[in-house]
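Chemist: Sharing a structure, written as C-alpha cells. Questions coming.
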Amino acid sequence: MTELEISGEKSEVKPLKILSSKEQINLTKKGKIVIISLPPLNKTEPNQWQRILDDFKTRLQKIDTSWQLGTKVHLQSNDRLLDTRQISELKTIFEQVGLTLDLIITRRRQTAVAASTAGYSVRQETLTSTLIGENETEQNQDLAEPLYLKTTIRSGVEIYHPSTVVVFGDVNPGATIIAKGDVFIWGTLRGIAHAGAMGNRAALIMALRLEPTQLRIAELVARAPDNPHDHNMAEVAYISSEGIKIYSAFNFNRHHDFISAKNYWLKL
Amino acid sequence: MSRVIVITSGKGGVGKTTITANLGTAVAQLGKKVCLIDADFGLRNLDLLLGLEQRVVYTIIDALSGECTLEKAIVKDKRTPGLHLLPAAQNRTKDAITPEQMKEVIEQLSPNFDYIFVDCPAGIEMGFRNAIVAAQEALIVTTPEVAAVRDADRVVGLLESENMKSIRLIVNRLRPEMVQMDEMISVEDIMDLLVIPLIGIVPDDKRIITSSNRGEPLVLSEEESLPGMAIKNIAQRLDGVEVPYLDLMASQDTLFTRIRRFFGFSGK
Ligand SMILES: Nc1ncnc2c1ncn2[C@@H]1O[C@H](COP(=O)(O)OP(=O)(O)O)[C@@H](O)[C@H]1O
Ligand SMILES: [Mg+2]
C-alpha cells in the first residue's frame with residue numbers, strides 16, 4: 001500500500017488498515033446451520049465495531065451464500081459485550097442474506113441479558129480468565145454471577161447459564177432454562193427448568209407457581225404431576241432420597257439439609 | 001400514511017385469512033381506505049374469501065418484476081367501497097420475494113391508504129419475515145387450543161424482538177359451551193400466558209365457513225350475527241373506539257335456563 005501524502009508533506013494520518021482475519025467476523029457452515037463468530041475485542045482499538053460490520057457486509061457480497069432462505073445462525077460472540085442495538089444490527093445484516101439469528105453464544109453476562117431480553121435463545125459460557133480483573137463493569141463479579149432476567153421467557157427460547165438463573169416473569173411452555181446453579185422463577189414456571197445441569201444435586205428450582213412441563217435437577221428428570229394441585233404457593237423442587245420432590249418454598253431451608261455424603265436433601 | 005397491521009399466528013388454520021378478509025371489510029365499512037396484502041405465497045386464498053378470484057390479473061410478483069405497475073396489480077372490491085386487495089402469486093414459491101421488496105411495496109402503497117393489513121402465512125420462516133417487515137402493529141390470532149397458543153407465544157416473542165410497536169390478541173373459534181364445561185381453554189387462561197392485550201373474541205360459527213365458501217365476508221351480510229358483530233367491534237377498537245365486549249356466554253345462559261325450565265328446575 002502506498003503511503004498517503006497530503007500537500008506534499010508526510011502525513012500523520014495512517015492509511016486505513018485492512019482488517020486481518022483475526023479481526024474479522026467469520027462465517028462457517030456447519031450442517032444445517034451457519035456459525036458466525038465475532039472477533040475478540042481489540043484492546044488497542046476498541047471502537048472499530050462499525051468497521052467490523054462494514055467489512056463483514058462487503059465480504060458477504062463475495063462469498064457463496066447458497067444456503068436455504070431462513071437458515072439459522074448461531075452467533076458466537078465470545079468475550080464481546082453486545083447491546084440490543086448491536087444485536088439488531090447483526091440480525092438485519094443476516095436477514096439481508098437470508099439468514100435468521102437463532103442463538104447467541106456469549107461469555108458475557110450483560111450480552112446474555114441483552115440477548116434474552118430481545119427474545120433470542122442464549123447460551124452462556126464461562127468467562128475466559130484473561131478478562132477477569134479487566135477494568136470493566138464486570139470486574140468485581142466472579143465467574144458464578146447469577147443471570148437476572150426481567151422478562152417473560154416465551155416458547156422456543158432456551159437459556160443456558162453457567163450459574164444461577166433468576167427470572168422476574170413467567171417461563172412459558174416450550175421455553176427452557178438450563179442452569180449450572182439454581183433456578184428461581186419469580187412468576188409461573190410452565191416450561192422446562194434444569195438446575196444443577198453440570199451435576200450439582202444440591203441445586204434447587206423454585207417458583208412462585210410451579211406448573212412445569214418437566215423438572216430436571218442434576219441427572220434426574222421429573223415430569224409434571226397429572227393432576228396439578230391448584231394453589232397459589234411458592235414451591236421448591238429438590239433432590240431427596242427418593243428422587244425429585246416438591247415442597248413449600250416457605251421455610252424450606254429450615255426443614256431441610258443437604259447431606260453431602262449422601263448427595264441429597266434430608267428432611268429434618 | 002397508513003397504519004400497517006400484520007395478522008399472524010404461527011400455527012396454520014386458525015383463521016388468519018378469514019379474519020383479514022372480514023376485518024378489512026369491516027374497517028372499510030367505517031369509511032377508511034383499506035388495502036389487504038396477501039403475503040401467503042403459494043397458498044393464496046384471500047382473493048377467494050373476498051370473492052375476487054376472477055378479477056385477479058396481476059400479482060405482487062408481477063409488480064415487483066416490473067411486468068405491471070403496482071396500481072395495476074391492485075384489485076378494487078366493488079361491493080365494499082374503499083377495500084382493495086394486492087394478491088399473492090399462486091404459482092411461485094414463497095421465497096420469490098425478499099423482506100426488502102415487501103417493505104418497498106408497502107412504502108409505495110402507504111400514502112394512498114388509511115390501513116394496510118398483511119395476511120401472514122403460517123410458520124416463522126421467510127414468509128413470516130416478509131409479512132412482518134413493514135408492520136408497526138400485529139394482531140395475533142389464536143384458537144383456544146394448546147398447540148395454537150404455544151405457537152402464538154413463540155410468535156409474540158419473535159415480534160417483541162423485532163420491536164413491534166403494538167401486539168394485540170384475537171381469540172378465534174371460541175365455543176362458550178365448551179369453556180363452560182371446562183373442555184376448552186378460556187380466554188383468561190390464554191391472556192394469562194401470553195400477557196398481551198386482547199382486542200377481540202370471535203365465536204366459532206358455521207356461518208363463517210358458509211360465507212367464506214360463497215366468497216362473501218360475513219360482515220357484509222344484512223342479517224346480524226354474533227361473529228359478524230365481534231369482528232365489527234374489533235374494527236372499531238382498532239380505530240380507537242371503546243366498545244364493550246359481547247357476552248358470548250349470554251346465549252349459553254338462556255339455553256341452559258331453557259333446558260332447566262324444560263326439566264322443571266327453573267327454581268321459581
Ligand atoms: N370463527 C370461525 N368459526 C368457524 N370456522 C372458522 C372460524 N374462523 C375460521 N374458520 C375456518 O377455519 C378454516 C381455516 O381458516 P383460515 O382463515 O384459512 O386460517 P389461516 O389463514 O390461519 O390458515 C377455514 O375453513 C375457515 O372457514
Ligand atoms: Mg391463510
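By convention here, the chains of the C-alpha cells are called A, B, ... in the order presented, each chain's residues are numbered starting at 1, and ligands are numbered starting at 1 in the order presented.
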Can you tell me which residues surround Tyr58 of chain B at a distance of at most 12 Å, considering only C-alpha atoms, apart from same-chain residues fewer than 4 positions away, and format the answer as a PyMOL selection string?

Modeler: chain B and resi 53-54+62-75+85-90

Chemist: Keeping only N, CA, C and O atoms, write the selected residues to a file as a compact mmCIF listing (two decimals), in the first residue's frame.

Modeler:
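Written file, part_18.txt:
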# COMPACT_ATOMS: atom_id res chain seq x y z
N GLU B 53 -61.58 -13.72 -6.85
CA GLU B 53 -60.68 -14.59 -7.59
C GLU B 53 -60.68 -14.31 -9.09
O GLU B 53 -59.63 -14.22 -9.72
N GLN B 54 -61.89 -14.13 -9.65
CA GLN B 54 -61.98 -13.95 -11.10
C GLN B 54 -61.36 -12.63 -11.57
O GLN B 54 -61.07 -12.46 -12.74
N ASP B 62 -45.67 -9.74 -10.16
CA ASP B 62 -45.63 -9.04 -11.45
C ASP B 62 -45.27 -7.58 -11.25
O ASP B 62 -44.51 -7.00 -12.03
N ALA B 63 -45.80 -7.00 -10.18
CA ALA B 63 -45.50 -5.60 -9.89
C ALA B 63 -44.01 -5.44 -9.56
O ALA B 63 -43.36 -4.50 -10.00
N LEU B 64 -43.47 -6.38 -8.81
CA LEU B 64 -42.07 -6.29 -8.42
C LEU B 64 -41.13 -6.49 -9.61
O LEU B 64 -40.09 -5.86 -9.70
N SER B 65 -41.52 -7.38 -10.51
CA SER B 65 -40.64 -7.66 -11.64
C SER B 65 -40.81 -6.62 -12.74
O SER B 65 -40.17 -6.70 -13.78
N GLY B 66 -41.71 -5.68 -12.52
CA GLY B 66 -41.90 -4.60 -13.49
C GLY B 66 -42.81 -4.99 -14.63
O GLY B 66 -42.95 -4.27 -15.61
N GLU B 67 -43.47 -6.13 -14.52
CA GLU B 67 -44.38 -6.57 -15.57
C GLU B 67 -45.64 -5.70 -15.63
O GLU B 67 -46.30 -5.60 -16.65
N CYS B 68 -45.97 -5.11 -14.48
CA CYS B 68 -47.08 -4.16 -14.44
C CYS B 68 -46.80 -3.16 -13.34
O CYS B 68 -45.89 -3.35 -12.54
N THR B 69 -47.58 -2.09 -13.30
CA THR B 69 -47.40 -1.15 -12.20
C THR B 69 -48.09 -1.71 -10.97
O THR B 69 -48.95 -2.57 -11.08
N LEU B 70 -47.72 -1.16 -9.82
CA LEU B 70 -48.33 -1.62 -8.58
C LEU B 70 -49.84 -1.35 -8.60
O LEU B 70 -50.64 -2.17 -8.17
N GLU B 71 -50.20 -0.19 -9.13
CA GLU B 71 -51.63 0.18 -9.19
C GLU B 71 -52.42 -0.87 -9.97
O GLU B 71 -53.55 -1.21 -9.62
N LYS B 72 -51.80 -1.37 -11.03
CA LYS B 72 -52.49 -2.33 -11.89
C LYS B 72 -52.74 -3.65 -11.19
O LYS B 72 -53.72 -4.34 -11.46
N ALA B 73 -51.82 -4.01 -10.29
CA ALA B 73 -51.95 -5.29 -9.61
C ALA B 73 -53.05 -5.25 -8.55
O ALA B 73 -53.58 -6.28 -8.14
N ILE B 74 -53.38 -4.05 -8.09
CA ILE B 74 -54.36 -3.93 -7.00
C ILE B 74 -55.79 -4.09 -7.52
O ILE B 74 -56.19 -3.47 -8.50
N VAL B 75 -56.53 -4.96 -6.86
CA VAL B 75 -57.93 -5.21 -7.24
C VAL B 75 -58.84 -4.42 -6.31
O VAL B 75 -58.70 -4.50 -5.09
N LEU B 85 -57.35 -5.14 -2.73
CA LEU B 85 -56.55 -6.35 -2.47
C LEU B 85 -55.32 -6.36 -3.36
O LEU B 85 -55.40 -6.13 -4.57
N LEU B 86 -54.17 -6.63 -2.75
CA LEU B 86 -52.97 -6.90 -3.53
C LEU B 86 -52.72 -8.40 -3.46
O LEU B 86 -52.28 -8.92 -2.43
N PRO B 87 -53.00 -9.13 -4.55
CA PRO B 87 -52.94 -10.60 -4.50
C PRO B 87 -51.52 -11.13 -4.49
O PRO B 87 -50.58 -10.49 -4.97
N ALA B 88 -51.38 -12.34 -3.97
CA ALA B 88 -50.10 -13.05 -3.98
C ALA B 88 -50.08 -13.96 -5.19
O ALA B 88 -51.11 -14.31 -5.73
N ALA B 89 -48.87 -14.32 -5.62
CA ALA B 89 -48.78 -15.26 -6.72
C ALA B 89 -49.02 -16.66 -6.21
O ALA B 89 -48.60 -17.02 -5.11
N GLN B 90 -49.71 -17.46 -6.99
CA GLN B 90 -50.02 -18.80 -6.54
C GLN B 90 -48.98 -19.79 -7.00
O GLN B 90 -48.71 -20.78 -6.34

Chemist: For chain B versus chain A, which residues have an atom no more than 10 Å away, and what is each residue's nearest atom pair and distance in Å rounded to one decimal, using only C-alpha atoms, chain-then-number order, as JSON lines?

Modeler:
{"residue": "B:Asp95", "atom": "CA", "partner": "A:Leu69", "partner_atom": "CA", "distance": 7.3}
{"residue": "B:Thr98", "atom": "CA", "partner": "A:Gln96", "partner_atom": "CA", "distance": 8.3}
{"residue": "B:Pro99", "atom": "CA", "partner": "A:Gln96", "partner_atom": "CA", "distance": 8.0}
{"residue": "B:Glu100", "atom": "CA", "partner": "A:Gln96", "partner_atom": "CA", "distance": 7.9}
{"residue": "B:Ile124", "atom": "CA", "partner": "A:Gly70", "partner_atom": "CA", "distance": 9.0}
{"residue": "B:Glu125", "atom": "CA", "partner": "A:Gly70", "partner_atom": "CA", "distance": 5.8}
{"residue": "B:Met126", "atom": "CA", "partner": "A:Gly70", "partner_atom": "CA", "distance": 5.6}
{"residue": "B:Gly127", "atom": "CA", "partner": "A:Gly70", "partner_atom": "CA", "distance": 9.3}
{"residue": "B:Arg129", "atom": "CA", "partner": "A:Glu95", "partner_atom": "CA", "distance": 8.8}
{"residue": "B:Val146", "atom": "CA", "partner": "A:Pro173", "partner_atom": "CA", "distance": 9.7}
{"residue": "B:Val149", "atom": "CA", "partner": "A:Ser155", "partner_atom": "CA", "distance": 9.7}
{"residue": "B:Arg150", "atom": "CA", "partner": "A:Ser155", "partner_atom": "CA", "distance": 6.4}
{"residue": "B:Asp151", "atom": "CA", "partner": "A:Ser155", "partner_atom": "CA", "distance": 7.4}
{"residue": "B:Ala152", "atom": "CA", "partner": "A:Ser155", "partner_atom": "CA", "distance": 8.6}
{"residue": "B:Asp153", "atom": "CA", "partner": "A:Ser155", "partner_atom": "CA", "distance": 5.7}
{"residue": "B:Arg154", "atom": "CA", "partner": "A:Ser155", "partner_atom": "CA", "distance": 4.7}
{"residue": "B:Val155", "atom": "CA", "partner": "A:Ser155", "partner_atom": "CA", "distance": 8.5}
{"residue": "B:Val156", "atom": "CA", "partner": "A:Arg154", "partner_atom": "CA", "distance": 7.9}
{"residue": "B:Gly157", "atom": "CA", "partner": "A:Gly119", "partner_atom": "CA", "distance": 5.6}
{"residue": "B:Leu158", "atom": "CA", "partner": "A:Gly119", "partner_atom": "CA", "distance": 6.4}
{"residue": "B:Leu159", "atom": "CA", "partner": "A:Gly119", "partner_atom": "CA", "distance": 8.7}
{"residue": "B:Glu160", "atom": "CA", "partner": "A:Gly119", "partner_atom": "CA", "distance": 6.9}
{"residue": "B:Ser161", "atom": "CA", "partner": "A:Ala118", "partner_atom": "CA", "distance": 4.5}
{"residue": "B:Glu162", "atom": "CA", "partner": "A:Ala118", "partner_atom": "CA", "distance": 8.0}
{"residue": "B:Asn163", "atom": "CA", "partner": "A:Ala118", "partner_atom": "CA", "distance": 8.4}
{"residue": "B:Asp192", "atom": "CA", "partner": "A:Asp170", "partner_atom": "CA", "distance": 9.8}
{"residue": "B:Leu193", "atom": "CA", "partner": "A:Asn172", "partner_atom": "CA", "distance": 6.9}
{"residue": "B:Leu194", "atom": "CA", "partner": "A:Arg154", "partner_atom": "CA", "distance": 8.4}
{"residue": "B:Val195", "atom": "CA", "partner": "A:Thr152", "partner_atom": "CA", "distance": 8.7}

Chemist: Write the selection just made, keeping N, CA and C atoms, as a compact mmCIF listing (two decimals), in the first residue's frame?

Modeler:
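Generated file (part-v6.txt):
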# COMPACT_ATOMS: atom_id res chain seq x y z
N ASP B 95 -40.36 -18.13 -1.58
CA ASP B 95 -39.10 -17.42 -1.48
C ASP B 95 -38.89 -16.44 -2.63
N THR B 98 -38.26 -10.94 -1.29
CA THR B 98 -37.43 -10.71 -0.10
C THR B 98 -38.10 -9.69 0.82
N PRO B 99 -37.71 -9.66 2.09
CA PRO B 99 -38.28 -8.68 3.01
C PRO B 99 -38.10 -7.24 2.50
N GLU B 100 -36.95 -6.95 1.88
CA GLU B 100 -36.72 -5.59 1.39
C GLU B 100 -37.75 -5.21 0.32
N ILE B 124 -42.72 -19.58 10.90
CA ILE B 124 -41.91 -18.43 11.31
C ILE B 124 -40.70 -18.33 10.38
N GLU B 125 -40.88 -18.81 9.16
CA GLU B 125 -39.76 -18.79 8.19
C GLU B 125 -39.77 -17.49 7.40
N MET B 126 -39.25 -17.57 6.19
CA MET B 126 -39.08 -16.37 5.37
C MET B 126 -40.41 -15.65 5.09
N GLY B 127 -41.46 -16.42 4.82
CA GLY B 127 -42.76 -15.80 4.53
C GLY B 127 -43.23 -14.94 5.69
N ARG B 129 -41.21 -13.49 7.85
CA ARG B 129 -40.33 -12.30 7.85
C ARG B 129 -40.84 -11.25 6.87
N VAL B 146 -54.13 -25.83 22.79
CA VAL B 146 -52.78 -25.78 23.35
C VAL B 146 -51.73 -25.48 22.28
N VAL B 149 -51.91 -21.85 20.94
CA VAL B 149 -51.47 -20.86 21.92
C VAL B 149 -49.94 -20.92 22.06
N ARG B 150 -49.40 -22.12 22.02
CA ARG B 150 -47.95 -22.29 22.12
C ARG B 150 -47.25 -21.56 20.95
N ASP B 151 -47.77 -21.74 19.74
CA ASP B 151 -47.17 -21.08 18.58
C ASP B 151 -47.35 -19.57 18.65
N ALA B 152 -48.51 -19.16 19.16
CA ALA B 152 -48.76 -17.72 19.31
C ALA B 152 -47.71 -17.13 20.25
N ASP B 153 -47.40 -17.84 21.31
CA ASP B 153 -46.41 -17.38 22.29
C ASP B 153 -45.04 -17.20 21.63
N ARG B 154 -44.68 -18.16 20.80
CA ARG B 154 -43.40 -18.09 20.08
C ARG B 154 -43.37 -16.87 19.18
N VAL B 155 -44.49 -16.65 18.47
CA VAL B 155 -44.56 -15.51 17.56
C VAL B 155 -44.50 -14.19 18.33
N VAL B 156 -45.18 -14.12 19.46
CA VAL B 156 -45.13 -12.90 20.27
C VAL B 156 -43.68 -12.62 20.66
N GLY B 157 -42.95 -13.67 21.04
CA GLY B 157 -41.54 -13.50 21.40
C GLY B 157 -40.74 -12.94 20.24
N LEU B 158 -40.98 -13.49 19.04
CA LEU B 158 -40.25 -13.02 17.86
C LEU B 158 -40.61 -11.57 17.54
N LEU B 159 -41.89 -11.24 17.66
CA LEU B 159 -42.31 -9.88 17.35
C LEU B 159 -41.74 -8.89 18.36
N GLU B 160 -41.66 -9.32 19.62
CA GLU B 160 -41.07 -8.45 20.63
C GLU B 160 -39.61 -8.19 20.32
N SER B 161 -38.92 -9.20 19.80
CA SER B 161 -37.51 -8.97 19.47
C SER B 161 -37.36 -8.11 18.23
N GLU B 162 -38.43 -7.97 17.46
CA GLU B 162 -38.42 -7.07 16.29
C GLU B 162 -38.88 -5.68 16.68
N ASN B 163 -39.12 -5.48 17.97
CA ASN B 163 -39.61 -4.20 18.47
C ASN B 163 -40.94 -3.77 17.83
N ASP B 192 -53.46 -14.98 30.35
CA ASP B 192 -52.54 -15.18 31.47
C ASP B 192 -51.17 -15.66 30.96
N LEU B 193 -51.20 -16.46 29.91
CA LEU B 193 -49.96 -16.99 29.36
C LEU B 193 -49.26 -15.99 28.45
N LEU B 194 -50.02 -15.36 27.55
CA LEU B 194 -49.40 -14.53 26.53
C LEU B 194 -49.07 -13.12 27.02
N VAL B 195 -49.76 -12.68 28.06
CA VAL B 195 -49.61 -11.33 28.60
C VAL B 195 -49.54 -10.24 27.51

Chemist: I'd like to know which of B:Met181, B:Met1, B:Leu48, B:Ile208 is closest to ligand 1, using only C-alpha atoms and all ligand atoms.

Modeler: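 Of B:Met181, B:Met1, B:Leu48, B:Ile208, the one nearest ligand 1 is B:Ile208, counting only C-alpha atoms and all ligand atoms.
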
Chemist: Residues within 7 Å of ligand 2 (only C-alpha atoms and all ligand atoms), as a count of residues only?

Modeler: 10

Chemist: Could you please determine the separation between atom CA of Ala207 of chain A and atom CA of Lys245 of chain A in Å, to one decimal place?

Modeler: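 Atom CA of Lys245 of chain A lies at a distance of 13.7 Å from atom CA of Ala207 of chain A.
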